[in-house]
Amino acid sequence: MEQTLTWRALNRALLARQMLLERAALPVPEALERMGGLQAQYAPSMYIGLWSRVADLDRDEVTRLLERREVVQATLLRGTIHLVSRADFWPFASGVHKTRLEWYVRATRSQYDPAAMEAAVAELRELLREGPVRRTELDKRFGAPIRNGLGMYLDLVRVPPSGTWARRRADLFGAAEDWVGAPDATEREGQELLVRRYLGAFGPAHRTEIADWAGLPVATVAEILKGLDLQVYRDEAGRELVDLPGAPLPDPETPAPVRFLPTWDAALLAHARRTRILPEEHRSKVFHVRMPQSIGTFLVDGQVAGTWRYTAGQGLTWEPFATLPARVRRQVTAEADRLADFHG
């Protein structure tokens, strides 16, 4: 009979694997692989997400890693920008390329022109031979509707200094084969790595959660899981959860420190609901239509307990959802001061 895991056990498993119980003394590329990549719709968020997880993070070193191509920023999972290690780039890109393209064709069926897109892709290939291209140039040449689909056909990366702390708009594109090298993973190899990365970063999990995170069909994920050696658990509702053997599963009563998370942190997204890291009564305060970029949050005892923001002139301010004990307020203030220094 499978072991039943409480929500608190799943919460502590997530925090441990996301390096939110204890900052990891790891090189940034290894940290990114451990956390399953890092969503980077807003460039500073990836720096802050790493700061919360990696011990003694040097902000400028993250930019240098981008410049040295040891980490790569590109549109990958669920059609959103992610920061990944160079080693993970092609497996991730190859694993989701087909499903991303199929989604784009379905979403634009009424205005989709295969011949026009094929011609635009060929023209862009030639243009990229001369070096990276800015989004404004792509809009000028092709128009926004076609530009939006080019990355579904041709793998592109965001080229620094765009998409960095100093230049936050990620609007300079290069050909992935020129920036990273030739593809070195098949679609199946990429999908298998995606499943392993998810379980290592967010497990134990249900197959639908893996599919939601990766942007893959549930049937594809289920087929891959059949070929893996897995540990099986149940959640409190009796739903089957799978995991990598030997993956961290801390005591549910393990203390969790205060941690600040950036906008769109993947630990808070819907695929991780089982962990209750973002209590459902607070979800609309973090993700809603009037705030498409979400908002910075902080954790107390492993759950979102309030929001924060940093503004020029005012510095870092934070607001709890409920009154916090004095001891906890001191802990939040201390961590906020450290994050303010990181901004500085």
# chains A, B, ... in the order shown; residues from 1 in each chain; ligands from 1

$ residues_around --residues "Leu127 of chain A" --least-positions-apart "5" --cutoff "12 Å" --atoms "only C-alpha atoms" --output "ChimeraX atom specification"
/A:120-122,132-134,137-138,141,173-175

$ select_by_dssp --residues "segment 87-189 of chain A" --states "strand (DSSP E or B)" --output "list in words"
Val133, Arg134, Leu156, Val157, Arg158, Leu172, Phe173, Gly174 and Ala175 of chain A

$ closest_residue --among "A:Met152, A:Leu225, A:Met46, A:Ala107" --to "Trp165 of chain A" --atoms "only C-alpha atoms"
A:Met46

$ residues_around --residues "Gly79 of chain A" --least-positions-apart "3" --cutoff "9 Å" --atoms "only C-alpha atoms" --output "VMD selection string"
chain A and resid 75 to 76 100 152 215

$ write_last_selection --atoms "C-alpha atoms" --output "PDB file, in the first residue's frame"
ATOM      1  CA  THR A  75      10.792  31.022 -24.866  1.00  0.00           C
ATOM      2  CA  LEU A  76      10.314  27.403 -23.828  1.00  0.00           C
ATOM      3  CA  ARG A 100       4.228  24.560 -29.117  1.00  0.00           C
ATOM      4  CA  MET A 152       7.422  28.504 -32.950  1.00  0.00           C
ATOM      5  CA  GLY A 215       3.059  22.116 -21.841  1.00  0.00           C
TER       6      GLY A 215
END

$ atom_distance --atom1 "atom CA of Val157 of chain A" --atom2 "atom CA of Pro27 of chain A"
21.5 Å

$ residues_around --residues "segment 192-195 of chain A" --least-positions-apart "5" --cutoff "7 Å" --atoms "only C-alpha atoms" --output "PyMOL selection string"
chain A and resi 91-92+210+214+224

$ atom_distance --atom1 "atom CA of Val84 of chain A" --atom2 "atom CA of Leu101 of chain A"
20.5 Å

$ residues_around --residues "Thr108 of chain A" --least-positions-apart "6" --cutoff "12 Å" --atoms "only C-alpha atoms" --output "ChimeraX atom specification"
/A:101-102,114,117,145-146,148-149

$ write_last_selection --atoms "all heavy atoms" --output "short mmCIF file (atom, residue, chain, number, x, y, z; two decimals), in the first residue's frame"
data_model
loop_
_atom_site.label_atom_id
_atom_site.label_comp_id
_atom_site.auth_asym_id
_atom_site.auth_seq_id
_atom_site.Cartn_x
_atom_site.Cartn_y
_atom_site.Cartn_z
N LEU A 101 4.31 24.34 -31.53
CA LEU A 101 3.93 24.67 -32.91
C LEU A 101 2.47 24.27 -33.17
O LEU A 101 1.71 25.04 -33.78
CB LEU A 101 4.85 23.97 -33.89
CG LEU A 101 4.57 24.20 -35.38
CD1 LEU A 101 4.58 25.68 -35.73
CD2 LEU A 101 5.60 23.45 -36.23
N GLU A 102 2.08 23.10 -32.70
CA GLU A 102 0.70 22.66 -32.89
C GLU A 102 -0.28 23.61 -32.20
O GLU A 102 -1.35 23.92 -32.74
CB GLU A 102 0.53 21.23 -32.36
CG GLU A 102 1.23 20.18 -33.22
CD GLU A 102 1.20 18.81 -32.59
OE1 GLU A 102 0.90 18.71 -31.37
OE2 GLU A 102 1.50 17.82 -33.30
N PRO A 114 0.27 29.42 -44.10
CA PRO A 114 1.50 28.61 -44.10
C PRO A 114 2.56 29.14 -45.06
O PRO A 114 3.76 29.15 -44.72
CB PRO A 114 1.01 27.22 -44.51
CG PRO A 114 -0.44 27.21 -44.18
CD PRO A 114 -0.92 28.61 -44.39
N MET A 117 4.21 32.26 -43.63
CA MET A 117 5.07 31.93 -42.50
C MET A 117 6.35 31.25 -42.96
O MET A 117 7.45 31.55 -42.47
CB MET A 117 4.31 31.03 -41.53
CG MET A 117 5.11 30.72 -40.26
SD MET A 117 5.58 32.20 -39.31
CE MET A 117 3.98 32.69 -38.66
N PRO A 145 1.72 39.96 -36.09
CA PRO A 145 1.11 38.63 -36.12
C PRO A 145 2.07 37.54 -36.58
O PRO A 145 2.14 36.47 -35.97
CB PRO A 145 -0.05 38.80 -37.11
CG PRO A 145 -0.41 40.25 -37.02
CD PRO A 145 0.91 40.96 -36.84
N ILE A 146 2.85 37.79 -37.64
CA ILE A 146 3.81 36.79 -38.09
C ILE A 146 4.99 36.71 -37.13
O ILE A 146 5.48 35.63 -36.81
CB ILE A 146 4.29 37.10 -39.53
CG1 ILE A 146 3.17 36.76 -40.52
CG2 ILE A 146 5.56 36.33 -39.87
CD1 ILE A 146 3.52 36.97 -41.96
N ASN A 148 5.03 37.04 -34.02
CA ASN A 148 4.66 36.24 -32.86
C ASN A 148 4.81 34.74 -33.09
O ASN A 148 5.00 33.98 -32.14
CB ASN A 148 3.22 36.53 -32.45
CG ASN A 148 3.06 37.90 -31.84
OD1 ASN A 148 4.00 38.47 -31.31
ND2 ASN A 148 1.85 38.46 -31.91
N GLY A 149 4.74 34.31 -34.34
CA GLY A 149 4.84 32.89 -34.63
C GLY A 149 6.21 32.41 -35.06
O GLY A 149 6.45 31.20 -35.12
#

$ closest_residue --among "A:Leu268, A:Val159, A:Met19, A:Ile295" --to "Gln73 of chain A" --atoms "only C-alpha atoms"
A:Val159

$ residues_around --residues "segment 5-10 of chain A" --least-positions-apart "2" --cutoff "7 Å" --atoms "only C-alpha atoms" --output "JSON, numbers by chain"
{"A": [3, 12, 13, 14, 233, 234, 235, 236, 251, 252, 274, 275, 276]}

$ closest_atom_pairs --of "segment 47-159 of chain A" --to "segment 181-188 of chain A" --cutoff "8 Å" --atoms "only C-alpha atoms" --output "tab-separated table"
residue	atom	partner	partner_atom	distance
A:Trp90	CA	A:Pro183	CA	5.7
A:Pro91	CA	A:Ala185	CA	5.2
A:Ser94	CA	A:Glu187	CA	4.9
A:Gly95	CA	A:Glu187	CA	4.4
A:Val96	CA	A:Glu187	CA	7.4
A:His97	CA	A:Glu187	CA	7.9

$ closest_residue --among "A:Asp301, A:Glu335, A:Asp265, A:Asp88" --to "Ala31 of chain A" --atoms "only C-alpha atoms"
A:Asp88

$ closest_residue --among "A:Val105, A:Ala55, A:Leu20, A:Leu244" --to "Gln303 of chain A" --atoms "only C-alpha atoms"
A:Leu20

$ closest_residue --among "A:Gly190, A:Pro245, A:Pro44, A:Pro325" --to "Ser162 of chain A" --atoms "only C-alpha atoms"
A:Pro44

$ closest_atom_pairs --of "segment 126-170 of chain A" --to "segment 60-69 of chain A" --cutoff "10 Å" --atoms "only C-alpha atoms" --output "JSON lines"
{"residue": "A:Arg158", "atom": "CA", "partner": "A:Leu66", "partner_atom": "CA", "distance": 9.4}
{"residue": "A:Val159", "atom": "CA", "partner": "A:Glu67", "partner_atom": "CA", "distance": 8.0}
{"residue": "A:Pro160", "atom": "CA", "partner": "A:Glu67", "partner_atom": "CA", "distance": 6.1}
{"residue": "A:Pro161", "atom": "CA", "partner": "A:Glu67", "partner_atom": "CA", "distance": 7.6}
{"residue": "A:Gly163", "atom": "CA", "partner": "A:Thr63", "partner_atom": "CA", "distance": 9.3}
{"residue": "A:Thr164", "atom": "CA", "partner": "A:Thr63", "partner_atom": "CA", "distance": 6.3}
{"residue": "A:Trp165", "atom": "CA", "partner": "A:Thr63", "partner_atom": "CA", "distance": 7.5}
{"residue": "A:Ala166", "atom": "CA", "partner": "A:Thr63", "partner_atom": "CA", "distance": 8.9}

$ write_last_selection --atoms "N, CA and C atoms" --output "mmCIF file, in the first residue's frame"
data_model
loop_
_atom_site.group_PDB
_atom_site.id
_atom_site.type_symbol
_atom_site.label_atom_id
_atom_site.label_comp_id
_atom_site.auth_asym_id
_atom_site.auth_seq_id
_atom_site.Cartn_x
_atom_site.Cartn_y
_atom_site.Cartn_z
ATOM 1 N N ARG A 158 17.121 34.776 -26.292
ATOM 2 C CA ARG A 158 17.289 36.192 -25.967
ATOM 3 C C ARG A 158 18.781 36.441 -25.754
ATOM 4 N N VAL A 159 19.307 37.417 -26.453
ATOM 5 C CA VAL A 159 20.751 37.669 -26.435
ATOM 6 C C VAL A 159 21.057 38.843 -25.513
ATOM 7 N N PRO A 160 21.967 38.654 -24.533
ATOM 8 C CA PRO A 160 22.350 39.789 -23.693
ATOM 9 C C PRO A 160 23.089 40.842 -24.522
ATOM 10 N N PRO A 161 22.997 42.114 -24.092
ATOM 11 C CA PRO A 161 22.561 42.568 -22.777
ATOM 12 C C PRO A 161 21.055 42.708 -22.601
ATOM 13 N N GLY A 163 17.328 41.554 -21.673
ATOM 14 C CA GLY A 163 16.858 40.547 -20.735
ATOM 15 C C GLY A 163 17.768 40.353 -19.541
ATOM 16 N N THR A 164 18.468 41.415 -19.129
ATOM 17 C CA THR A 164 19.344 41.351 -17.962
ATOM 18 C C THR A 164 18.895 42.383 -16.940
ATOM 19 N N TRP A 165 19.547 42.375 -15.786
ATOM 20 C CA TRP A 165 19.193 43.335 -14.740
ATOM 21 C C TRP A 165 19.337 44.768 -15.240
ATOM 22 N N ALA A 166 20.398 45.028 -16.011
ATOM 23 C CA ALA A 166 20.674 46.385 -16.475
ATOM 24 C C ALA A 166 19.796 46.792 -17.648
#

$ atom_distance --atom1 "atom CA of Leu57 of chain A" --atom2 "atom CA of Ala176 of chain A"
26.8 Å

$ select_by_dssp --residues "segment 120-316 of chain A" --states "alpha helix (DSSP H)" --output "PyMOL selection string"
chain A and resi 120-128+135-142+144-153+176-179+187-202+207-214+218-226+280-286

$ closest_residue --among "A:Gly306, A:Pro279, A:Pro320, A:Gly315" --to "Asp337 of chain A" --atoms "only C-alpha atoms"
A:Gly315

$ residues_around --residues "Leu316 of chain A" --least-positions-apart "6" --cutoff "9 Å" --atoms "only C-alpha atoms" --output "compact mmCIF listing (two decimals) with N, CA, C and O atoms, in the first residue's frame"
# COMPACT_ATOMS: atom_id res chain seq x y z
N TRP A 308 5.31 42.04 -1.62
CA TRP A 308 6.35 43.05 -1.51
C TRP A 308 6.57 43.71 -2.86
O TRP A 308 6.20 43.17 -3.91
N ARG A 309 7.17 44.88 -2.82
CA ARG A 309 7.57 45.54 -4.05
C ARG A 309 8.77 46.43 -3.77
O ARG A 309 8.98 46.88 -2.63
N TYR A 310 9.53 46.68 -4.81
CA TYR A 310 10.68 47.58 -4.70
C TYR A 310 10.48 48.71 -5.70
O TYR A 310 10.25 48.48 -6.88
N ALA A 336 13.93 41.10 4.18
CA ALA A 336 13.63 42.22 3.28
C ALA A 336 14.84 43.14 3.15
O ALA A 336 15.14 43.64 2.05
N ASP A 337 15.52 43.38 4.25
CA ASP A 337 16.72 44.23 4.21
C ASP A 337 17.80 43.60 3.34
O ASP A 337 18.50 44.30 2.59
N LEU A 339 17.27 41.58 0.80
CA LEU A 339 16.84 41.71 -0.60
C LEU A 339 17.01 43.15 -1.08
O LEU A 339 17.40 43.40 -2.24
N ALA A 340 16.75 44.13 -0.22
CA ALA A 340 16.97 45.53 -0.59
C ALA A 340 18.44 45.78 -0.90
O ALA A 340 18.77 46.50 -1.86
N HIS A 343 19.13 44.49 -4.34
CA HIS A 343 18.67 45.47 -5.34
C HIS A 343 19.66 46.62 -5.49
O HIS A 343 19.90 47.11 -6.60
